[in-house]
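Peer 1: Sharing final_7.cif, mmCIF, C-alpha atoms and all ligand atoms; chains and numbers go by the auth columns:
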```
data_work
loop_
_atom_site.group_PDB
_atom_site.id
_atom_site.type_symbol
_atom_site.label_atom_id
_atom_site.label_comp_id
_atom_site.label_asym_id
_atom_site.label_seq_id
_atom_site.Cartn_x
_atom_site.Cartn_y
_atom_site.Cartn_z
_atom_site.B_iso_or_equiv
_atom_site.auth_seq_id
_atom_site.auth_asym_id
ATOM 1 C CA MET A 1 24.717 28.519 -29.984 0.00 7 A
ATOM 2 C CA ARG A 2 22.935 29.096 -26.682 0.00 8 A
ATOM 3 C CA SER A 3 19.818 27.076 -26.223 0.00 9 A
ATOM 4 C CA PHE A 4 17.221 29.032 -24.260 0.00 10 A
ATOM 5 C CA VAL A 5 15.055 25.985 -23.894 0.00 11 A
ATOM 6 C CA ALA A 6 17.913 24.021 -22.374 0.00 12 A
ATOM 7 C CA GLU A 7 18.755 26.919 -20.074 0.00 13 A
ATOM 8 C CA ALA A 8 15.163 27.311 -18.979 0.00 14 A
ATOM 9 C CA ARG A 9 14.991 23.591 -18.316 0.00 15 A
ATOM 10 C CA ARG A 10 18.090 23.798 -16.206 0.00 16 A
ATOM 11 C CA ARG A 11 16.634 26.657 -14.189 0.00 17 A
ATOM 12 C CA VAL A 12 13.252 25.100 -13.546 0.00 18 A
ATOM 13 C CA PRO A 13 13.675 22.729 -10.598 0.00 19 A
ATOM 14 C CA SER A 14 12.683 19.191 -11.387 0.00 20 A
ATOM 15 C CA PRO A 15 9.788 17.848 -9.316 0.00 21 A
ATOM 16 C CA LYS A 16 12.239 15.607 -7.507 0.00 22 A
ATOM 17 C CA ARG A 17 14.394 18.576 -6.559 0.00 23 A
ATOM 18 C CA GLU A 18 11.351 20.509 -5.370 0.00 24 A
ATOM 19 C CA ARG A 19 10.293 17.536 -3.318 0.00 25 A
ATOM 20 C CA VAL A 20 13.718 17.376 -1.703 0.00 26 A
ATOM 21 C CA ARG A 21 13.347 20.973 -0.589 0.00 27 A
ATOM 22 C CA GLY A 22 10.012 20.132 1.086 0.00 28 A
ATOM 23 C CA ILE A 23 11.495 17.011 2.637 0.00 29 A
ATOM 24 C CA VAL A 24 14.394 18.982 4.148 0.00 30 A
ATOM 25 C CA GLN A 25 12.132 21.728 5.492 0.00 31 A
ATOM 26 C CA ARG A 26 9.651 19.382 7.082 0.00 32 A
ATOM 27 C CA LEU A 27 12.254 17.078 8.581 0.00 33 A
ATOM 28 C CA ALA A 28 14.186 20.059 9.953 0.00 34 A
ATOM 29 C CA ARG A 29 11.020 21.148 11.779 0.00 35 A
ATOM 30 C CA GLU A 30 10.254 17.614 12.928 0.00 36 A
ATOM 31 C CA HIS A 31 13.762 16.699 14.096 0.00 37 A
ATOM 32 C CA ALA A 32 15.234 20.009 15.190 0.00 38 A
ATOM 33 C CA ASP A 33 17.532 18.043 17.498 0.00 39 A
ATOM 34 C CA ALA A 34 18.998 15.907 14.689 0.00 40 A
ATOM 35 C CA THR A 35 22.761 15.980 15.095 0.00 41 A
ATOM 36 C CA ILE A 36 25.542 13.456 15.270 0.00 42 A
ATOM 37 C CA ALA A 37 25.035 11.119 18.230 0.00 43 A
ATOM 38 C CA LEU A 38 28.757 10.637 18.896 0.00 44 A
ATOM 39 C CA THR A 39 30.355 12.571 21.747 0.00 45 A
ATOM 40 C CA PHE A 40 33.632 14.356 21.029 0.00 46 A
ATOM 41 C CA ARG A 41 35.452 17.522 22.062 0.00 47 A
ATOM 42 C CA ASP A 42 37.829 18.127 19.175 0.00 48 A
ATOM 43 C CA PRO A 43 38.577 16.968 15.608 0.00 49 A
ATOM 44 C CA LEU A 44 40.849 14.143 16.776 0.00 50 A
ATOM 45 C CA GLU A 45 38.182 12.706 19.082 0.00 51 A
ATOM 46 C CA LEU A 46 35.660 13.059 16.264 0.00 52 A
ATOM 47 C CA LEU A 47 37.877 11.121 13.868 0.00 53 A
ATOM 48 C CA VAL A 48 38.542 8.316 16.362 0.00 54 A
ATOM 49 C CA SER A 49 34.857 8.087 17.329 0.00 55 A
ATOM 50 C CA VAL A 50 33.766 7.771 13.722 0.00 56 A
ATOM 51 C CA MET A 51 36.440 5.130 13.044 0.00 57 A
ATOM 52 C CA LEU A 52 35.220 3.162 16.072 0.00 58 A
ATOM 53 C CA SER A 53 31.565 3.465 15.075 0.00 59 A
ATOM 54 C CA ALA A 54 31.819 0.974 12.191 0.00 60 A
ATOM 55 C CA GLN A 55 29.560 -2.033 12.832 0.00 61 A
ATOM 56 C CA THR A 56 28.401 -0.858 16.241 0.00 62 A
ATOM 57 C CA THR A 57 26.061 1.672 17.819 0.00 63 A
ATOM 58 C CA ASP A 58 26.913 5.261 18.660 0.00 64 A
ATOM 59 C CA VAL A 59 25.825 4.609 22.243 0.00 65 A
ATOM 60 C CA ASN A 60 28.391 1.848 22.501 0.00 66 A
ATOM 61 C CA VAL A 61 31.135 4.045 21.048 0.00 67 A
ATOM 62 C CA ASN A 62 30.323 6.852 23.506 0.00 68 A
ATOM 63 C CA ARG A 63 30.534 4.420 26.385 0.00 69 A
ATOM 64 C CA VAL A 64 34.029 3.347 25.295 0.00 70 A
ATOM 65 C CA THR A 65 35.342 6.803 24.433 0.00 71 A
ATOM 66 C CA THR A 66 34.365 8.276 27.818 0.00 72 A
ATOM 67 C CA THR A 67 37.429 6.581 29.306 0.00 73 A
ATOM 68 C CA LEU A 68 39.437 6.217 26.077 0.00 74 A
ATOM 69 C CA PHE A 69 39.696 9.971 25.539 0.00 75 A
ATOM 70 C CA GLU A 70 40.945 10.552 29.059 0.00 76 A
ATOM 71 C CA LYS A 71 43.869 8.269 28.339 0.00 77 A
ATOM 72 C CA TYR A 72 44.566 9.189 24.696 0.00 78 A
ATOM 73 C CA ARG A 73 44.545 12.921 24.061 0.00 79 A
ATOM 74 C CA ARG A 74 47.069 13.408 21.243 0.00 80 A
ATOM 75 C CA PRO A 75 48.087 11.296 18.228 0.00 81 A
ATOM 76 C CA GLU A 76 51.348 10.423 20.046 0.00 82 A
ATOM 77 C CA ASP A 77 49.405 8.830 22.910 0.00 83 A
ATOM 78 C CA TYR A 78 47.946 6.152 20.604 0.00 84 A
ATOM 79 C CA LEU A 79 51.450 5.223 19.467 0.00 85 A
ATOM 80 C CA ALA A 80 52.999 5.283 22.934 0.00 86 A
ATOM 81 C CA VAL A 81 51.242 2.083 24.040 0.00 87 A
ATOM 82 C CA PRO A 82 51.606 -1.427 22.606 0.00 88 A
ATOM 83 C CA GLN A 83 49.021 -2.354 19.976 0.00 89 A
ATOM 84 C CA GLU A 84 47.519 -4.921 22.386 0.00 90 A
ATOM 85 C CA GLU A 85 46.799 -2.259 24.978 0.00 91 A
ATOM 86 C CA LEU A 86 44.863 -0.144 22.491 0.00 92 A
ATOM 87 C CA GLU A 87 43.047 -3.299 21.358 0.00 93 A
ATOM 88 C CA ARG A 88 41.924 -3.895 24.940 0.00 94 A
ATOM 89 C CA ASP A 89 40.824 -0.268 25.270 0.00 95 A
ATOM 90 C CA VAL A 90 38.588 -0.396 22.167 0.00 96 A
ATOM 91 C CA PHE A 91 37.580 -4.048 22.555 0.00 97 A
ATOM 92 C CA ALA A 92 33.928 -3.315 23.382 0.00 98 A
ATOM 93 C CA THR A 93 33.349 -1.617 20.000 0.00 99 A
ATOM 94 C CA GLY A 94 33.996 -4.898 18.135 0.00 100 A
ATOM 95 C CA PHE A 95 36.484 -5.538 15.324 0.00 101 A
ATOM 96 C CA TYR A 96 39.023 -4.259 17.847 0.00 102 A
ATOM 97 C CA ARG A 97 42.080 -5.581 15.998 0.00 103 A
ATOM 98 C CA GLN A 98 41.317 -3.872 12.701 0.00 104 A
ATOM 99 C CA LYS A 99 40.140 -0.736 14.444 0.00 105 A
ATOM 100 C CA SER A 100 43.196 -0.302 16.645 0.00 106 A
ATOM 101 C CA LYS A 101 45.490 -1.042 13.711 0.00 107 A
ATOM 102 C CA ALA A 102 43.698 1.565 11.590 0.00 108 A
ATOM 103 C CA ILE A 103 43.754 4.116 14.422 0.00 109 A
ATOM 104 C CA ARG A 104 47.486 3.658 14.986 0.00 110 A
ATOM 105 C CA GLY A 105 48.196 3.904 11.243 0.00 111 A
ATOM 106 C CA THR A 106 46.096 7.029 11.079 0.00 112 A
ATOM 107 C CA MET A 107 47.906 8.614 14.032 0.00 113 A
ATOM 108 C CA ARG A 108 51.242 7.845 12.396 0.00 114 A
ATOM 109 C CA MET A 109 50.153 9.574 9.195 0.00 115 A
ATOM 110 C CA LEU A 110 48.648 12.529 11.057 0.00 116 A
ATOM 111 C CA LEU A 111 52.033 13.092 12.669 0.00 117 A
ATOM 112 C CA ASP A 112 54.126 12.422 9.558 0.00 118 A
ATOM 113 C CA ASP A 113 52.047 14.192 6.920 0.00 119 A
ATOM 114 C CA PHE A 114 49.617 16.577 8.601 0.00 120 A
ATOM 115 C CA GLY A 115 51.522 18.147 11.491 0.00 121 A
ATOM 116 C CA GLY A 116 49.450 16.169 13.998 0.00 122 A
ATOM 117 C CA GLU A 117 46.202 17.832 12.849 0.00 123 A
ATOM 118 C CA VAL A 118 43.108 16.223 11.342 0.00 124 A
ATOM 119 C CA PRO A 119 42.930 17.295 7.679 0.00 125 A
ATOM 120 C CA ARG A 120 39.735 18.842 6.311 0.00 126 A
ATOM 121 C CA THR A 121 39.423 17.652 2.698 0.00 127 A
ATOM 122 C CA LEU A 122 37.930 14.344 1.607 0.00 128 A
ATOM 123 C CA GLU A 123 40.981 13.665 -0.498 0.00 129 A
ATOM 124 C CA GLU A 124 43.313 13.988 2.487 0.00 130 A
ATOM 125 C CA LEU A 125 41.006 12.243 4.923 0.00 131 A
ATOM 126 C CA THR A 126 40.632 9.196 2.685 0.00 132 A
ATOM 127 C CA ARG A 127 44.418 8.838 2.556 0.00 133 A
ATOM 128 C CA LEU A 128 44.373 7.929 6.258 0.00 134 A
ATOM 129 C CA PRO A 129 44.537 4.154 6.863 0.00 135 A
ATOM 130 C CA GLY A 130 41.106 2.677 7.530 0.00 136 A
ATOM 131 C CA VAL A 131 39.310 5.911 6.661 0.00 137 A
ATOM 132 C CA ALA A 132 36.859 5.195 3.856 0.00 138 A
ATOM 133 C CA ARG A 133 34.656 7.723 2.108 0.00 139 A
ATOM 134 C CA LYS A 134 31.791 7.471 4.587 0.00 140 A
ATOM 135 C CA THR A 135 34.033 8.153 7.592 0.00 141 A
ATOM 136 C CA ALA A 136 35.720 11.005 5.730 0.00 142 A
ATOM 137 C CA ASN A 137 32.344 12.478 4.801 0.00 143 A
ATOM 138 C CA VAL A 138 31.120 12.400 8.401 0.00 144 A
ATOM 139 C CA VAL A 139 34.307 14.027 9.699 0.00 145 A
ATOM 140 C CA ALA A 140 34.393 16.721 7.006 0.00 146 A
ATOM 141 C CA ALA A 141 30.719 17.565 7.580 0.00 147 A
ATOM 142 C CA GLU A 142 31.099 17.782 11.361 0.00 148 A
ATOM 143 C CA LEU A 143 34.117 20.027 10.920 0.00 149 A
ATOM 144 C CA GLY A 144 31.893 22.381 8.943 0.00 150 A
ATOM 145 C CA ARG A 145 33.066 21.487 5.444 0.00 151 A
ATOM 146 C CA PRO A 146 30.709 18.869 3.976 0.00 152 A
ATOM 147 C CA GLN A 147 32.028 17.711 0.624 0.00 153 A
ATOM 148 C CA GLY A 148 29.572 14.927 -0.010 0.00 154 A
ATOM 149 C CA VAL A 149 26.494 13.312 1.502 0.00 155 A
ATOM 150 C CA VAL A 150 26.936 10.628 4.146 0.00 156 A
ATOM 151 C CA VAL A 151 25.149 7.417 3.154 0.00 157 A
ATOM 152 C CA ASP A 152 24.537 4.935 5.957 0.00 158 A
ATOM 153 C CA THR A 153 21.890 2.258 6.256 0.00 159 A
ATOM 154 C CA HIS A 154 19.125 4.751 7.199 0.00 160 A
ATOM 155 C CA VAL A 155 20.049 7.241 4.461 0.00 161 A
ATOM 156 C CA ARG A 156 20.068 4.431 1.948 0.00 162 A
ATOM 157 C CA ARG A 157 16.682 3.036 2.995 0.00 163 A
ATOM 158 C CA LEU A 158 14.950 6.414 3.203 0.00 164 A
ATOM 159 C CA SER A 159 16.410 7.742 -0.061 0.00 165 A
ATOM 160 C CA GLN A 160 15.113 4.644 -1.790 0.00 166 A
ATOM 161 C CA ARG A 161 11.671 4.826 -0.172 0.00 167 A
ATOM 162 C CA LEU A 162 11.409 8.539 -0.916 0.00 168 A
ATOM 163 C CA GLY A 163 12.213 7.823 -4.574 0.00 169 A
ATOM 164 C CA LEU A 164 15.404 9.899 -4.570 0.00 170 A
ATOM 165 C CA THR A 165 17.505 7.050 -5.883 0.00 171 A
ATOM 166 C CA LYS A 166 17.092 3.644 -7.461 0.00 172 A
ATOM 167 C CA GLU A 167 20.646 2.633 -6.649 0.00 173 A
ATOM 168 C CA GLU A 168 21.858 0.092 -4.095 0.00 174 A
ATOM 169 C CA ASP A 169 25.518 1.016 -4.025 0.00 175 A
ATOM 170 C CA PRO A 170 26.289 3.764 -1.436 0.00 176 A
ATOM 171 C CA VAL A 171 28.647 5.602 -3.797 0.00 177 A
ATOM 172 C CA LYS A 172 25.974 5.775 -6.511 0.00 178 A
ATOM 173 C CA ILE A 173 23.309 6.769 -3.965 0.00 179 A
ATOM 174 C CA GLU A 174 25.580 9.555 -2.777 0.00 180 A
ATOM 175 C CA ARG A 175 26.045 10.733 -6.363 0.00 181 A
ATOM 176 C CA ASP A 176 22.259 10.916 -6.840 0.00 182 A
ATOM 177 C CA LEU A 177 21.786 12.793 -3.571 0.00 183 A
ATOM 178 C CA MET A 178 24.550 15.285 -4.372 0.00 184 A
ATOM 179 C CA LYS A 179 22.659 16.172 -7.534 0.00 185 A
ATOM 180 C CA LEU A 180 19.328 16.614 -5.735 0.00 186 A
ATOM 181 C CA VAL A 181 20.118 18.049 -2.312 0.00 187 A
ATOM 182 C CA PRO A 182 21.131 21.728 -2.226 0.00 188 A
ATOM 183 C CA ARG A 183 24.794 22.014 -1.299 0.00 189 A
ATOM 184 C CA GLU A 184 24.083 24.025 1.825 0.00 190 A
ATOM 185 C CA ASP A 185 22.075 21.062 3.141 0.00 191 A
ATOM 186 C CA TRP A 186 24.679 18.336 2.517 0.00 192 A
ATOM 187 C CA GLY A 187 25.739 18.403 6.152 0.00 193 A
ATOM 188 C CA ARG A 188 22.339 18.209 7.838 0.00 194 A
ATOM 189 C CA PHE A 189 20.466 16.102 5.274 0.00 195 A
ATOM 190 C CA PRO A 190 21.906 12.740 6.421 0.00 196 A
ATOM 191 C CA HIS A 191 21.194 13.575 10.091 0.00 197 A
ATOM 192 C CA LEU A 192 17.594 14.368 9.215 0.00 198 A
ATOM 193 C CA LEU A 193 17.147 11.074 7.372 0.00 199 A
ATOM 194 C CA ILE A 194 18.926 9.110 10.095 0.00 200 A
ATOM 195 C CA TRP A 195 16.711 10.502 12.859 0.00 201 A
ATOM 196 C CA HIS A 196 13.583 10.101 10.757 0.00 202 A
ATOM 197 C CA GLY A 197 14.671 6.534 10.057 0.00 203 A
ATOM 198 C CA ARG A 198 15.131 5.832 13.759 0.00 204 A
ATOM 199 C CA ARG A 199 11.901 7.437 14.904 0.00 205 A
ATOM 200 C CA VAL A 200 9.370 7.110 12.097 0.00 206 A
ATOM 201 C CA CYS A 201 10.483 5.396 8.894 0.00 207 A
ATOM 202 C CA LEU A 202 11.544 2.222 10.675 0.00 208 A
ATOM 203 C CA ALA A 203 13.136 -0.551 8.635 0.00 209 A
ATOM 204 C CA ARG A 204 10.462 -3.197 9.279 0.00 210 A
ATOM 205 C CA ASN A 205 7.334 -1.175 10.018 0.00 211 A
ATOM 206 C CA PRO A 206 7.454 2.370 8.698 0.00 212 A
ATOM 207 C CA ARG A 207 4.955 4.536 10.596 0.00 213 A
ATOM 208 C CA CYS A 208 3.524 6.183 7.475 0.00 214 A
ATOM 209 C CA GLU A 209 0.322 7.246 9.253 0.00 215 A
ATOM 210 C CA VAL A 210 2.237 9.703 11.462 0.00 216 A
ATOM 211 C CA CYS A 211 4.937 10.620 8.922 0.00 217 A
ATOM 212 C CA VAL A 212 5.175 14.299 7.937 0.00 218 A
ATOM 213 C CA LEU A 213 6.379 13.211 4.495 0.00 219 A
ATOM 214 C CA ASN A 214 3.520 10.897 3.637 0.00 220 A
ATOM 215 C CA ASP A 215 2.153 13.145 0.880 0.00 221 A
ATOM 216 C CA LEU A 216 5.637 13.508 -0.642 0.00 222 A
ATOM 217 C CA CYS A 217 6.624 9.863 -0.444 0.00 223 A
ATOM 218 C CA PRO A 218 5.971 7.370 -3.242 0.00 224 A
ATOM 219 C CA SER A 219 6.235 4.493 -0.734 0.00 225 A
ATOM 220 C CA SER A 220 3.656 5.844 1.693 0.00 226 A
ATOM 221 C CA ARG A 221 1.177 3.254 2.897 0.00 227 A
ATOM 222 C CA VAL A 222 -1.522 5.815 3.658 0.00 228 A
HETATM 223 S S1 LIG B . 5.624 7.880 4.244 0.00 1 B
HETATM 224 FE FE1 LIG B . 6.224 5.927 5.157 0.00 1 B
HETATM 225 S S2 LIG B . 7.776 5.072 3.753 0.00 1 B
HETATM 226 FE FE2 LIG B . 7.553 7.256 3.272 0.00 1 B
HETATM 227 S S3 LIG B . 9.134 8.274 4.507 0.00 1 B
HETATM 228 FE FE3 LIG B . 7.264 8.316 5.705 0.00 1 B
HETATM 229 S S4 LIG B . 7.364 6.482 6.997 0.00 1 B
HETATM 230 FE FE4 LIG B . 8.862 6.233 5.342 0.00 1 B
#
```
Can you dump the structure from the file as structure tokens?
Ligand code: SF4

Peer 2:
Amino acid sequence: MRSFVAEARRRVPSPKRERVRGIVQRLAREHADATIALTFRDPLELLVSVMLSAQTTDVNVNRVTTTLFEKYRRPEDYLAVPQEELERDVFATGFYRQKSKAIRGTMRMLLDDFGGEVPRTLEELTRLPGVARKTANVVAAELGRPQGVVVDTHVRRLSQRLGLTKEEDPVKIERDLMKLVPREDWGRFPHLLIWHGRRVCLARNPRCEVCVLNDLCPSSRV
């Protein structure tokens, strides 16, 4: 039997969901320039940049890829040099051994299984060596097909402060956010939180007094 009460409850947005809508609108006004900070010209460069960005800054990755992408343009190019040469070329991003190994493995699979193209689904992307869910999420979103919500250190901190999740584990935080954030905002939501986290909701000293969310935030200090 249909339950009208249950249906009505489903239709009425929960306060948390309403709050998320306000948060997205205000942050979109505040950080209209919030986009990915990595520089890339095509899906392959995007994928490599995101793989290199683990444990380092986007600025650092961009510095390295300026010359890297002149030398390596196609998946074949990454396999045409000895592993040590690629290691030297990505050295400045840190963890260069693991990163170059993962990049070469990924290029091999792109050629063998995906016709040399970067796949678009999370399922396919996470099959690539060294490509975990977060990397796959970033790539899919930037290619215009977000299938989840990217959770990095800023997204985690802000979601917790804004009372959108009580979880610590990124996968569980993502699950909470996917329930709350409208699907059409999955792509831009993490960028908005990341830029707000860098400019206002700083890790040590959040600037609550100038924060446009301070009346929506349970952690506000004003
Ligand atoms: S009110 Fe303070 S804690 Fe809340 S989001 Fe803004 S800066 Fe962060």

Peer 1: How would you write, as number ranges by chain, the set of residues no farther than 8 Å from ligand LIG 1 (chain B) when counting all atoms listed in the file?

Peer 2: A: 164, 167-168, 202-203, 206-208, 212-228

Peer 1: Selected by the PyMOL selection byres (((chain A and resi 93) around 8) and not hetatm) in the shown coordinates: which residues, as JSON, numbers by chain?

Peer 2: {"A": [89, 90, 91, 92, 94, 95, 96, 97, 102, 103, 105, 106]}

Peer 1: Kindly indicate which residue among A:Leu53, A:Ala147, A:Ala86, A:Val156 lies nearest to Thr71 in chain A, using all atoms listed in the file for the distances.

Peer 2: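 Counting all atoms listed in the file, the residue closest to Thr71 in chain A is A:Leu53.
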
Peer 1: Provide the CA of Ala146 in chain A to CA of Asp118 in chain A distance in Å, to one decimal place.

Peer 2: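 Atom-to-atom, CA of Ala146 in chain A to CA of Asp118 in chain A, that is 20.4 Å.
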
Peer 1: Could the centre and edge lengths of an axis-aligned box, enclosing all atoms of range 182-189 of chain A in the file with 5 Å extra on each side, be given in Å to one decimal as JSON?

Peer 2:
```
{"center_x": 22.1, "center_y": 16.5, "center_z": -4.4, "size_x": 15.5, "size_y": 21.1, "size_z": 16.2}
```

Peer 1: Extract, using all atoms listed in the file, all DNA, RNA and protein residues at most 7 Å from range 184-193 of chain A, discarding same-chain residues fewer than 4 positions from it, and format them as a VMD selection string.

Peer 2: chain A and resid 23 26 147 152 154 to 155 180

Peer 1: Which residue gives the smallest distance to Glu51 in chain A among A:Val67, A:Leu198, A:Leu33, A:Leu134, with all atoms listed in the file counted?

Peer 2: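 Smallest separation from Glu51 in chain A among the options: A:Val67.
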
Peer 1: Once you count only C-alpha atoms, which residues end up no further than 12 Å from (43.4, 13.0, 20.1) in the file's frame, shown as a PDB file with C-alpha atoms, in the coordinates of the input?

Peer 2:
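Written file, result.pdb:
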```
ATOM      1  CA  PHE A  46      33.632  14.356  21.029  1.00  0.00           C
ATOM      2  CA  ARG A  47      35.452  17.522  22.062  1.00  0.00           C
ATOM      3  CA  ASP A  48      37.829  18.127  19.175  1.00  0.00           C
ATOM      4  CA  PRO A  49      38.577  16.968  15.608  1.00  0.00           C
ATOM      5  CA  LEU A  50      40.849  14.143  16.776  1.00  0.00           C
ATOM      6  CA  GLU A  51      38.182  12.706  19.082  1.00  0.00           C
ATOM      7  CA  LEU A  52      35.660  13.059  16.264  1.00  0.00           C
ATOM      8  CA  LEU A  53      37.877  11.121  13.868  1.00  0.00           C
ATOM      9  CA  VAL A  54      38.542   8.316  16.362  1.00  0.00           C
ATOM     10  CA  SER A  55      34.857   8.087  17.329  1.00  0.00           C
ATOM     11  CA  THR A  71      35.342   6.803  24.433  1.00  0.00           C
ATOM     12  CA  LEU A  74      39.437   6.217  26.077  1.00  0.00           C
ATOM     13  CA  PHE A  75      39.696   9.971  25.539  1.00  0.00           C
ATOM     14  CA  GLU A  76      40.945  10.552  29.059  1.00  0.00           C
ATOM     15  CA  LYS A  77      43.869   8.269  28.339  1.00  0.00           C
ATOM     16  CA  TYR A  78      44.566   9.189  24.696  1.00  0.00           C
ATOM     17  CA  ARG A  79      44.545  12.921  24.061  1.00  0.00           C
ATOM     18  CA  ARG A  80      47.069  13.408  21.243  1.00  0.00           C
ATOM     19  CA  PRO A  81      48.087  11.296  18.228  1.00  0.00           C
ATOM     20  CA  GLU A  82      51.348  10.423  20.046  1.00  0.00           C
ATOM     21  CA  ASP A  83      49.405   8.830  22.910  1.00  0.00           C
ATOM     22  CA  TYR A  84      47.946   6.152  20.604  1.00  0.00           C
ATOM     23  CA  LEU A  85      51.450   5.223  19.467  1.00  0.00           C
ATOM     24  CA  ILE A 109      43.754   4.116  14.422  1.00  0.00           C
ATOM     25  CA  ARG A 110      47.486   3.658  14.986  1.00  0.00           C
ATOM     26  CA  THR A 112      46.096   7.029  11.079  1.00  0.00           C
ATOM     27  CA  MET A 113      47.906   8.614  14.032  1.00  0.00           C
ATOM     28  CA  LEU A 116      48.648  12.529  11.057  1.00  0.00           C
ATOM     29  CA  LEU A 117      52.033  13.092  12.669  1.00  0.00           C
ATOM     30  CA  GLY A 122      49.450  16.169  13.998  1.00  0.00           C
ATOM     31  CA  GLU A 123      46.202  17.832  12.849  1.00  0.00           C
ATOM     32  CA  VAL A 124      43.108  16.223  11.342  1.00  0.00           C
TER      33      VAL A 124
END
```

Peer 1: How many Å separate CA of Leu183 in chain A from CA of Ser165 in chain A?

Peer 2: 8.2 Å

Peer 1: How many Å separate CA of Arg69 in chain A from CA of Val56 in chain A?

Peer 2: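 Rounded to one decimal, the two atoms are 13.5 Å apart.
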
Peer 1: Pick the closest to Glu148 in chain A from A:Ile200, A:Ala60, A:Leu44, A:Val177: which is it, counting only C-alpha atoms?

Peer 2: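 Looking only at the distances to Glu148 in chain A, the closest residue turns out to be A:Leu44.
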
Peer 1: I need the residue nearest Thr159 in chain A from this list: A:Gln104, A:Thr41, A:Gln61, A:Thr72. Use all atoms listed in the file for the distance.

Peer 2: A:Gln61

Peer 1: Starting from the shown file, work through the PyMOL selection byres (((chain A and resi 141) around 9) and not hetatm) and note down what comes out as a PyMOL selection string.

Peer 2: chain A and resi 53+56-57+60+131-132+136-140+142-146+156
